[in-house]
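These notes are about the structure you will find just below.
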Amino acid sequence: MKFRVSFFYGNGGKWIHTDHLYHKRYMLMKRSNMKTEKCDHVKEIRSVKPSGSGCKECLEMGDSWVHLRFCLSCGHIGCCDSSKNKHATKHFHQTRHPIIQSFQPGEDWRWCFVHEMIVH
Ligand SMILES: [Zn+2]
Ligand SMILES: [Zn+2]
Ligand SMILES: [Zn+2]
């Protein structure tokens with residue numbers, strides 16, 4: 001359903017006609033811009049190859065993991081925080097490589113450890 005609403009923007013006293021969904025998105029955008037900083041670590045993303053098909057350290061120790069995370073600075077594959085060894089987070093503390101991507105099939109979200117937020 002699409003319905004048109006009028007909103008009053010700014011001090012200029014200007015009425016803008018827009019549909020409801022767009023207005024909601026605009027307000028969300030405004031709010032999130034005020035709260036969160038922009039993550040510029042995305043610039044540090046390299047086109048790297050995964051270090052293997054499993055967590056590097058766990059494989060060496062003969063241990064197991066729950067989910068895998070992929071370091072976008074060097075290609076290190078580590079296990080997530082639901083895994084008991086948390087090697088992806090340990091990798092960040094050791095190397096300060098800021099951004100990981102999910103290594104789960106069908107998942108491609110990225111996480112910045114420094115800003116503690118999802119990045120694109
Ligand atoms: Zn960041
Ligand atoms: Zn691990
Ligand atoms: Zn790394």
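The way I read the labels, and the way they are meant: chains A, B, ... in the order of the structure tokens, residue 1 as the first residue of every chain, and ligand 1 as the first ligand shown, with later ones counted on from there.
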* Kindly work out which residues sit at most 10 Å from ligand 1, using only C-alpha atoms and all ligand atoms, and give the list as a list in words. => Glu37, Lys38, Cys39, Asp40, His41, Val42, Lys43, Glu44, His97, Pro98, Ile99, Trp111, Cys112, Phe113, Val114, His115, Glu116, Met117, Ile118 and Val119 of chain A
* Grab me every residue within 6 Å of ligand 2, counting only C-alpha atoms and all ligand atoms, and send it over as a ChimeraX atom specification. => /A:55,57-58,65,78-79,85-87
* In Å to one decimal, how far is CA of Ile45 (chain A) from CA of Val66 (chain A)? ->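 It comes out at 24.6 Å.
The contact shell of ligand 3, defined as all polymer residues within 6 Å when only C-alpha atoms and all ligand atoms are used, comprises A:Cys71, A:Ser73, A:Cys74, A:Gly75, A:His76, A:His97.
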Keeping only C-alpha atoms, write the selected residues as an mmCIF file, in the first residue's frame.
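Output (result.cif):
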data_model
loop_
_atom_site.group_PDB
_atom_site.id
_atom_site.type_symbol
_atom_site.label_atom_id
_atom_site.label_comp_id
_atom_site.auth_asym_id
_atom_site.auth_seq_id
_atom_site.Cartn_x
_atom_site.Cartn_y
_atom_site.Cartn_z
ATOM 1 C CA CYS A 71 39.824 -11.865 7.937
ATOM 2 C CA SER A 73 43.148 -8.072 5.648
ATOM 3 C CA CYS A 74 45.166 -11.291 5.433
ATOM 4 C CA GLY A 75 42.783 -14.167 4.691
ATOM 5 C CA HIS A 76 43.007 -15.778 8.136
ATOM 6 C CA HIS A 97 43.140 -6.518 11.401
#
* Asked: Counting only C-alpha atoms, which of A:Lys84, A:Lys56, A:Arg69, A:His120 gets nearest to Gln101 (chain A)?
  -> A:Arg69
